>>> print(open('final_22.cif').read())   # mmCIF, C-alpha atoms and all ligand atoms; chains and numbers go by the auth columns
data_entry
loop_
_atom_site.group_PDB
_atom_site.id
_atom_site.type_symbol
_atom_site.label_atom_id
_atom_site.label_comp_id
_atom_site.label_asym_id
_atom_site.label_seq_id
_atom_site.Cartn_x
_atom_site.Cartn_y
_atom_site.Cartn_z
_atom_site.B_iso_or_equiv
_atom_site.auth_seq_id
_atom_site.auth_asym_id
ATOM 1 C CA MET A 1 0.000 0.000 0.000 0.00 4 Q
ATOM 2 C CA GLY A 2 1.156 3.507 -0.715 0.00 5 Q
ATOM 3 C CA SER A 3 -0.409 5.107 2.343 0.00 6 Q
ATOM 4 C CA ASP A 4 -0.728 4.642 6.081 0.00 7 Q
ATOM 5 C CA LEU A 5 -4.435 5.368 5.796 0.00 8 Q
ATOM 6 C CA PRO A 6 -6.809 2.402 5.710 0.00 9 Q
ATOM 7 C CA SER A 7 -8.188 1.391 2.341 0.00 10 Q
ATOM 8 C CA SER A 8 -11.641 0.231 1.440 0.00 11 Q
ATOM 9 C CA GLY A 9 -13.666 -1.163 -1.376 0.00 12 Q
ATOM 10 C CA PRO A 10 -16.918 0.001 -2.866 0.00 13 Q
ATOM 11 C CA GLY A 11 -19.755 0.489 -0.398 0.00 14 Q
ATOM 12 C CA ASP A 12 -19.245 2.133 2.941 0.00 15 Q
ATOM 13 C CA TYR A 13 -15.974 3.469 4.280 0.00 16 Q
ATOM 14 C CA VAL A 14 -15.833 3.608 8.078 0.00 17 Q
ATOM 15 C CA GLY A 15 -19.614 3.971 8.090 0.00 18 Q
ATOM 16 C CA ILE A 16 -19.693 6.656 5.399 0.00 19 Q
ATOM 17 C CA PRO A 17 -21.278 5.924 2.003 0.00 20 Q
ATOM 18 C CA ARG A 18 -18.341 5.729 -0.400 0.00 21 Q
ATOM 19 C CA GLU A 19 -19.959 8.127 -2.860 0.00 22 Q
ATOM 20 C CA ARG A 20 -19.771 10.884 -0.258 0.00 23 Q
ATOM 21 C CA ILE A 21 -15.981 10.773 -0.197 0.00 24 Q
ATOM 22 C CA ALA A 22 -14.383 12.476 -3.194 0.00 25 Q
ATOM 23 C CA TRP A 23 -11.253 10.344 -3.046 0.00 26 Q
ATOM 24 C CA PHE A 24 -10.088 9.165 -6.438 0.00 27 Q
ATOM 25 C CA PRO A 25 -7.242 9.848 -8.848 0.00 28 Q
ATOM 26 C CA SER A 26 -7.133 12.403 -11.595 0.00 29 Q
ATOM 27 C CA ILE A 27 -4.967 12.222 -14.694 0.00 30 Q
ATOM 28 C CA ASP A 28 -3.006 15.232 -15.860 0.00 31 Q
ATOM 29 C CA PRO A 29 -3.692 15.297 -19.620 0.00 32 Q
ATOM 30 C CA GLU A 30 -0.527 17.302 -20.207 0.00 33 Q
ATOM 31 C CA ARG A 31 1.593 14.491 -18.773 0.00 34 Q
ATOM 32 C CA CYS A 32 -0.327 11.347 -19.689 0.00 35 Q
ATOM 33 C CA GLN A 33 1.137 9.531 -22.696 0.00 36 Q
ATOM 34 C CA PRO A 34 -0.787 6.294 -23.142 0.00 37 Q
ATOM 35 C CA ASP A 35 1.001 5.471 -26.376 0.00 38 Q
ATOM 36 C CA ARG A 36 4.382 5.666 -24.644 0.00 39 Q
ATOM 37 C CA CYS A 37 3.633 3.694 -21.476 0.00 40 Q
ATOM 38 C CA GLN A 38 2.386 0.175 -20.923 0.00 41 Q
ATOM 39 C CA LEU A 39 -0.961 1.472 -19.609 0.00 42 Q
ATOM 40 C CA ASN A 40 0.474 0.768 -16.187 0.00 43 Q
ATOM 41 C CA CYS A 41 -2.397 2.398 -14.318 0.00 44 Q
ATOM 42 C CA VAL A 42 -4.987 0.294 -16.150 0.00 45 Q
ATOM 43 C CA SER A 43 -3.161 -2.974 -15.539 0.00 46 Q
ATOM 44 C CA TRP A 44 -2.126 -2.137 -11.960 0.00 47 Q
ATOM 45 C CA CYS A 45 -5.560 -1.274 -10.610 0.00 48 Q
ATOM 46 C CA GLU A 46 -7.420 -4.453 -9.784 0.00 49 Q
ATOM 47 C CA ARG A 47 -10.504 -2.363 -9.004 0.00 50 Q
ATOM 48 C CA ARG A 48 -10.687 -1.206 -12.611 0.00 51 Q
ATOM 49 C CA VAL A 49 -10.732 2.472 -11.748 0.00 52 Q
ATOM 50 C CA TYR A 50 -8.946 3.336 -15.002 0.00 53 Q
ATOM 51 C CA ALA A 51 -10.086 2.438 -18.496 0.00 54 Q
ATOM 52 C CA ARG A 52 -8.826 3.097 -21.992 0.00 55 Q
ATOM 53 C CA GLN A 53 -11.295 5.084 -24.028 0.00 56 Q
ATOM 54 C CA ASP A 54 -12.254 4.647 -27.656 0.00 57 Q
ATOM 55 C CA ASP A 55 -10.179 7.706 -28.578 0.00 58 Q
ATOM 56 C CA GLY A 56 -7.029 6.128 -27.109 0.00 59 Q
ATOM 57 C CA THR A 57 -6.915 8.220 -23.951 0.00 60 Q
ATOM 58 C CA VAL A 58 -7.099 6.737 -20.467 0.00 61 Q
ATOM 59 C CA ALA A 59 -9.766 7.978 -18.076 0.00 62 Q
ATOM 60 C CA VAL A 60 -10.753 7.556 -14.451 0.00 63 Q
ATOM 61 C CA ALA A 61 -13.815 5.568 -15.424 0.00 64 Q
ATOM 62 C CA ARG A 62 -14.926 4.244 -12.018 0.00 65 Q
ATOM 63 C CA PRO A 63 -13.732 6.783 -9.431 0.00 66 Q
ATOM 64 C CA TYR A 64 -15.697 5.434 -6.503 0.00 67 Q
ATOM 65 C CA GLN A 65 -14.184 1.980 -6.904 0.00 68 Q
ATOM 66 C CA CYS A 66 -10.919 3.540 -5.724 0.00 69 Q
ATOM 67 C CA ALA A 67 -9.681 2.377 -2.327 0.00 70 Q
ATOM 68 C CA VAL A 68 -9.778 5.348 0.032 0.00 71 Q
ATOM 69 C CA GLY A 69 -6.253 6.401 0.983 0.00 72 Q
ATOM 70 C CA ASP A 70 -4.496 4.180 -1.541 0.00 73 Q
ATOM 71 C CA ILE A 71 -2.147 6.045 -3.892 0.00 74 Q
ATOM 72 C CA SER A 72 -0.073 3.062 -5.000 0.00 75 Q
ATOM 73 C CA CYS A 73 -1.116 3.376 -8.650 0.00 76 Q
ATOM 74 C CA SER A 74 0.442 6.821 -8.867 0.00 77 Q
ATOM 75 C CA PHE A 75 3.883 5.236 -8.495 0.00 78 Q
ATOM 76 C CA GLN A 76 3.241 3.052 -11.538 0.00 79 Q
ATOM 77 C CA CYS A 77 2.992 5.952 -13.969 0.00 80 Q
ATOM 78 C CA PRO A 78 6.294 6.650 -15.718 0.00 81 Q
ATOM 79 C CA PHE A 79 5.201 10.213 -16.520 0.00 82 Q
ATOM 80 C CA ASP A 80 3.977 11.272 -13.080 0.00 83 Q
ATOM 81 C CA ALA A 81 0.529 11.974 -14.496 0.00 84 Q
ATOM 82 C CA ILE A 82 -1.609 10.640 -11.636 0.00 85 Q
ATOM 83 C CA ARG A 83 -2.720 12.927 -8.833 0.00 86 Q
ATOM 84 C CA PHE A 84 -4.624 12.344 -5.596 0.00 87 Q
ATOM 85 C CA PRO A 85 -5.938 14.636 -2.888 0.00 88 Q
ATOM 86 C CA SER A 86 -3.467 15.161 -0.054 0.00 89 Q
ATOM 87 C CA LYS A 87 -3.821 13.379 3.282 0.00 90 Q
ATOM 88 C CA ARG A 88 -4.884 16.689 4.778 0.00 91 Q
ATOM 89 C CA GLU A 89 -7.614 17.043 2.153 0.00 92 Q
ATOM 90 C CA LEU A 90 -8.717 13.472 2.768 0.00 93 Q
ATOM 91 C CA ARG A 91 -8.992 14.060 6.504 0.00 94 Q
ATOM 92 C CA ALA A 92 -11.089 17.159 5.873 0.00 95 Q
ATOM 93 C CA MET A 93 -13.323 15.208 3.485 0.00 96 Q
ATOM 94 C CA LEU A 94 -13.838 12.464 6.056 0.00 97 Q
ATOM 95 C CA GLN A 95 -14.606 14.925 8.829 0.00 98 Q
ATOM 96 C CA GLU A 96 -17.160 16.705 6.671 0.00 99 Q
ATOM 97 C CA ALA A 97 -18.725 13.450 5.480 0.00 100 Q
ATOM 98 C CA ARG A 98 -18.968 12.174 9.059 0.00 101 Q
ATOM 99 C CA ARG A 99 -20.719 15.384 10.061 0.00 102 Q
ATOM 100 C CA GLN A 100 -23.228 14.893 7.254 0.00 103 Q
ATOM 101 C CA VAL A 101 -24.086 11.283 8.129 0.00 104 Q
ATOM 102 C CA GLN A 102 -24.469 11.862 11.866 0.00 105 Q
HETATM 103 S S1 LIG B . -1.676 7.939 -16.350 0.00 201 G
HETATM 104 FE FE1 LIG B . 0.456 7.274 -16.633 0.00 201 G
HETATM 105 S S2 LIG B . 0.356 4.997 -16.606 0.00 201 G
HETATM 106 FE FE2 LIG B . -1.745 5.773 -16.954 0.00 201 G
HETATM 107 S S3 LIG B . -1.970 5.816 -19.213 0.00 201 G
HETATM 108 FE FE3 LIG B . -1.281 7.885 -18.549 0.00 201 G
HETATM 109 S S4 LIG B . 0.964 7.804 -18.758 0.00 201 G
HETATM 110 FE FE4 LIG B . 0.244 5.667 -18.765 0.00 201 G
#
>>> encode(input="final_22.cif", output="structure tokens", more="lines below")
Ligand code: SF4
Amino acid sequence: MGSDLPSSGPGDYVGIPRERIAWFPSIDPERCQPDRCQLNCVSWCERRVYARQDDGTVAVARPYQCAVGDISCSFQCPFDAIRFPSKRELRAMLQEARRQVQ
């Protein structure tokens, strides 16, 4: 795992509906070069968060399948094109989401 935060699958995360937590990767289109990599992000992610599109680009197709706190896929990209919220941002998201579900 690439983080000391716990990870989760689809569904709830520590009692919070997963869709209420905006934790997922984004791809920097200026850096992403799918024709020059091995589509590492697509093959690395067993949750199928990434998918190649018909136009040849790669997109974050299933963002809420992403394991909360897990940034391991970002280390697979040879062009440093994958971004995640910071741990601080994640903590703020979780605090706000907890407030909303209580
Ligand atoms: S994000 Fe990185 S690993 Fe994924 S397709 Fe783009 S260049 Fe390749």
>>> atom_distance(input="final_22.cif", atom1="CA of Ala64 in chain Q", atom2="CA of Asp15 in chain Q")
19.5 Å
>>> residues_near_ligand(input="final_22.cif", ligand="ligand LIG 201 (chain G)", cutoff="10 Å", atoms="all atoms listed in the file", output="count of residues only")
39
>>> residues_near_point(input="final_22.cif", point="(-3.4, 9.1, -1.0)", cutoff="7 Å", atoms="all atoms listed in the file", output="list in words")
Ser6, Gly72, Asp73, Ile74, Phe87, Pro88, Ser89 and Lys90 of chain Q
>>> write_last_selection(input="final_22.cif", atoms="C-alpha atoms", output="mmCIF file, in the coordinates of the input")
data_model
loop_
_atom_site.group_PDB
_atom_site.id
_atom_site.type_symbol
_atom_site.label_atom_id
_atom_site.label_comp_id
_atom_site.auth_asym_id
_atom_site.auth_seq_id
_atom_site.Cartn_x
_atom_site.Cartn_y
_atom_site.Cartn_z
ATOM 1 C CA SER Q 6 -0.409 5.107 2.343
ATOM 2 C CA GLY Q 72 -6.253 6.401 0.983
ATOM 3 C CA ASP Q 73 -4.496 4.180 -1.541
ATOM 4 C CA ILE Q 74 -2.147 6.045 -3.892
ATOM 5 C CA PHE Q 87 -4.624 12.344 -5.596
ATOM 6 C CA PRO Q 88 -5.938 14.636 -2.888
ATOM 7 C CA SER Q 89 -3.467 15.161 -0.054
ATOM 8 C CA LYS Q 90 -3.821 13.379 3.282
#
>>> resolve_selection(input="final_22.cif", expression="the PyMOL selection byres (((chain Q and resi 92-99) around 10) and not hetatm)", output="PyMOL selection string")
chain Q and resi 8+16-17+19+23-26+71-72+87-91+100-104
>>> atom_distance(input="final_22.cif", atom1="CA of Ser75 in chain Q", atom2="CA of Gly18 in chain Q")
23.5 Å
>>> atom_distance(input="final_22.cif", atom1="CA of Pro66 in chain Q", atom2="CA of Glu49 in chain Q")
12.9 Å
>>> build_atoms(input="final_22.cif", residues="range 46-80 of chain Q", atoms="N, CA and C atoms", output="short mmCIF file (atom, residue, chain, number, x, y, z; two decimals), in the frame of the given file")
data_model
loop_
_atom_site.label_atom_id
_atom_site.label_comp_id
_atom_site.auth_asym_id
_atom_site.auth_seq_id
_atom_site.Cartn_x
_atom_site.Cartn_y
_atom_site.Cartn_z
N SER Q 46 -3.48 -1.59 -15.91
CA SER Q 46 -3.16 -2.97 -15.54
C SER Q 46 -2.90 -3.11 -14.04
N TRP Q 47 -2.42 -2.05 -13.39
CA TRP Q 47 -2.13 -2.14 -11.96
C TRP Q 47 -3.40 -2.21 -11.12
N CYS Q 48 -4.38 -1.43 -11.48
CA CYS Q 48 -5.56 -1.27 -10.61
C CYS Q 48 -6.51 -2.46 -10.76
N GLU Q 49 -6.54 -3.29 -9.74
CA GLU Q 49 -7.42 -4.45 -9.78
C GLU Q 49 -8.89 -4.07 -9.60
N ARG Q 50 -9.12 -2.83 -9.16
CA ARG Q 50 -10.50 -2.36 -9.00
C ARG Q 50 -11.06 -1.73 -10.27
N ARG Q 51 -10.26 -1.69 -11.30
CA ARG Q 51 -10.69 -1.21 -12.61
C ARG Q 51 -11.15 0.26 -12.58
N VAL Q 52 -10.42 1.04 -11.81
CA VAL Q 52 -10.73 2.47 -11.75
C VAL Q 52 -10.43 3.15 -13.10
N TYR Q 53 -9.36 2.73 -13.73
CA TYR Q 53 -8.95 3.34 -15.00
C TYR Q 53 -9.45 2.51 -16.18
N ALA Q 54 -9.69 3.17 -17.29
CA ALA Q 54 -10.09 2.44 -18.50
C ALA Q 54 -9.63 3.21 -19.73
N ARG Q 55 -9.18 2.48 -20.71
CA ARG Q 55 -8.83 3.10 -21.99
C ARG Q 55 -10.11 3.44 -22.73
N GLN Q 56 -10.12 4.62 -23.31
CA GLN Q 56 -11.30 5.08 -24.03
C GLN Q 56 -11.16 4.80 -25.52
N ASP Q 57 -12.26 4.92 -26.22
CA ASP Q 57 -12.25 4.65 -27.66
C ASP Q 57 -11.29 5.56 -28.41
N ASP Q 58 -11.07 6.76 -27.89
CA ASP Q 58 -10.18 7.71 -28.58
C ASP Q 58 -8.70 7.49 -28.22
N GLY Q 59 -8.42 6.44 -27.44
CA GLY Q 59 -7.03 6.13 -27.11
C GLY Q 59 -6.56 6.72 -25.80
N THR Q 60 -7.30 7.65 -25.24
CA THR Q 60 -6.92 8.22 -23.95
C THR Q 60 -7.28 7.25 -22.83
N VAL Q 61 -6.73 7.52 -21.66
CA VAL Q 61 -7.10 6.74 -20.47
C VAL Q 61 -7.83 7.67 -19.52
N ALA Q 62 -8.93 7.16 -18.96
CA ALA Q 62 -9.77 7.98 -18.08
C ALA Q 62 -9.98 7.28 -16.74
N VAL Q 63 -10.33 8.08 -15.75
CA VAL Q 63 -10.75 7.56 -14.45
C VAL Q 63 -12.23 7.21 -14.61
N ALA Q 64 -12.48 5.97 -15.00
CA ALA Q 64 -13.82 5.57 -15.42
C ALA Q 64 -14.72 5.19 -14.25
N ARG Q 65 -14.11 4.70 -13.17
CA ARG Q 65 -14.93 4.24 -12.02
C ARG Q 65 -14.31 4.82 -10.73
N PRO Q 66 -14.45 6.12 -10.53
CA PRO Q 66 -13.73 6.78 -9.43
C PRO Q 66 -14.07 6.24 -8.05
N TYR Q 67 -15.31 5.86 -7.86
CA TYR Q 67 -15.70 5.43 -6.50
C TYR Q 67 -15.37 3.97 -6.22
N GLN Q 68 -14.75 3.32 -7.17
CA GLN Q 68 -14.18 1.98 -6.90
C GLN Q 68 -12.81 2.11 -6.25
N CYS Q 69 -12.27 3.32 -6.24
CA CYS Q 69 -10.92 3.54 -5.72
C CYS Q 69 -10.89 3.31 -4.21
N ALA Q 70 -9.86 2.64 -3.75
CA ALA Q 70 -9.68 2.38 -2.33
C ALA Q 70 -9.26 3.67 -1.62
N VAL Q 71 -10.05 4.08 -0.66
CA VAL Q 71 -9.78 5.35 0.03
C VAL Q 71 -8.40 5.30 0.69
N GLY Q 72 -7.58 6.29 0.39
CA GLY Q 72 -6.25 6.40 0.98
C GLY Q 72 -5.15 5.71 0.21
N ASP Q 73 -5.51 4.94 -0.80
CA ASP Q 73 -4.50 4.18 -1.54
C ASP Q 73 -4.01 4.98 -2.75
N ILE Q 74 -2.72 5.29 -2.77
CA ILE Q 74 -2.15 6.04 -3.89
C ILE Q 74 -1.12 5.21 -4.66
N SER Q 75 -1.14 3.90 -4.43
CA SER Q 75 -0.07 3.06 -5.00
C SER Q 75 0.00 3.14 -6.53
N CYS Q 76 -1.14 3.33 -7.18
CA CYS Q 76 -1.12 3.38 -8.65
C CYS Q 76 -0.31 4.56 -9.17
N SER Q 77 -0.26 5.63 -8.38
CA SER Q 77 0.44 6.82 -8.87
C SER Q 77 1.93 6.55 -9.07
N PHE Q 78 2.46 5.57 -8.35
CA PHE Q 78 3.88 5.24 -8.49
C PHE Q 78 4.15 4.36 -9.72
N GLN Q 79 3.08 3.90 -10.36
CA GLN Q 79 3.24 3.05 -11.54
C GLN Q 79 3.37 3.86 -12.83
N CYS Q 80 2.99 5.13 -12.75
CA CYS Q 80 2.99 5.95 -13.97
C CYS Q 80 4.39 6.49 -14.25
#
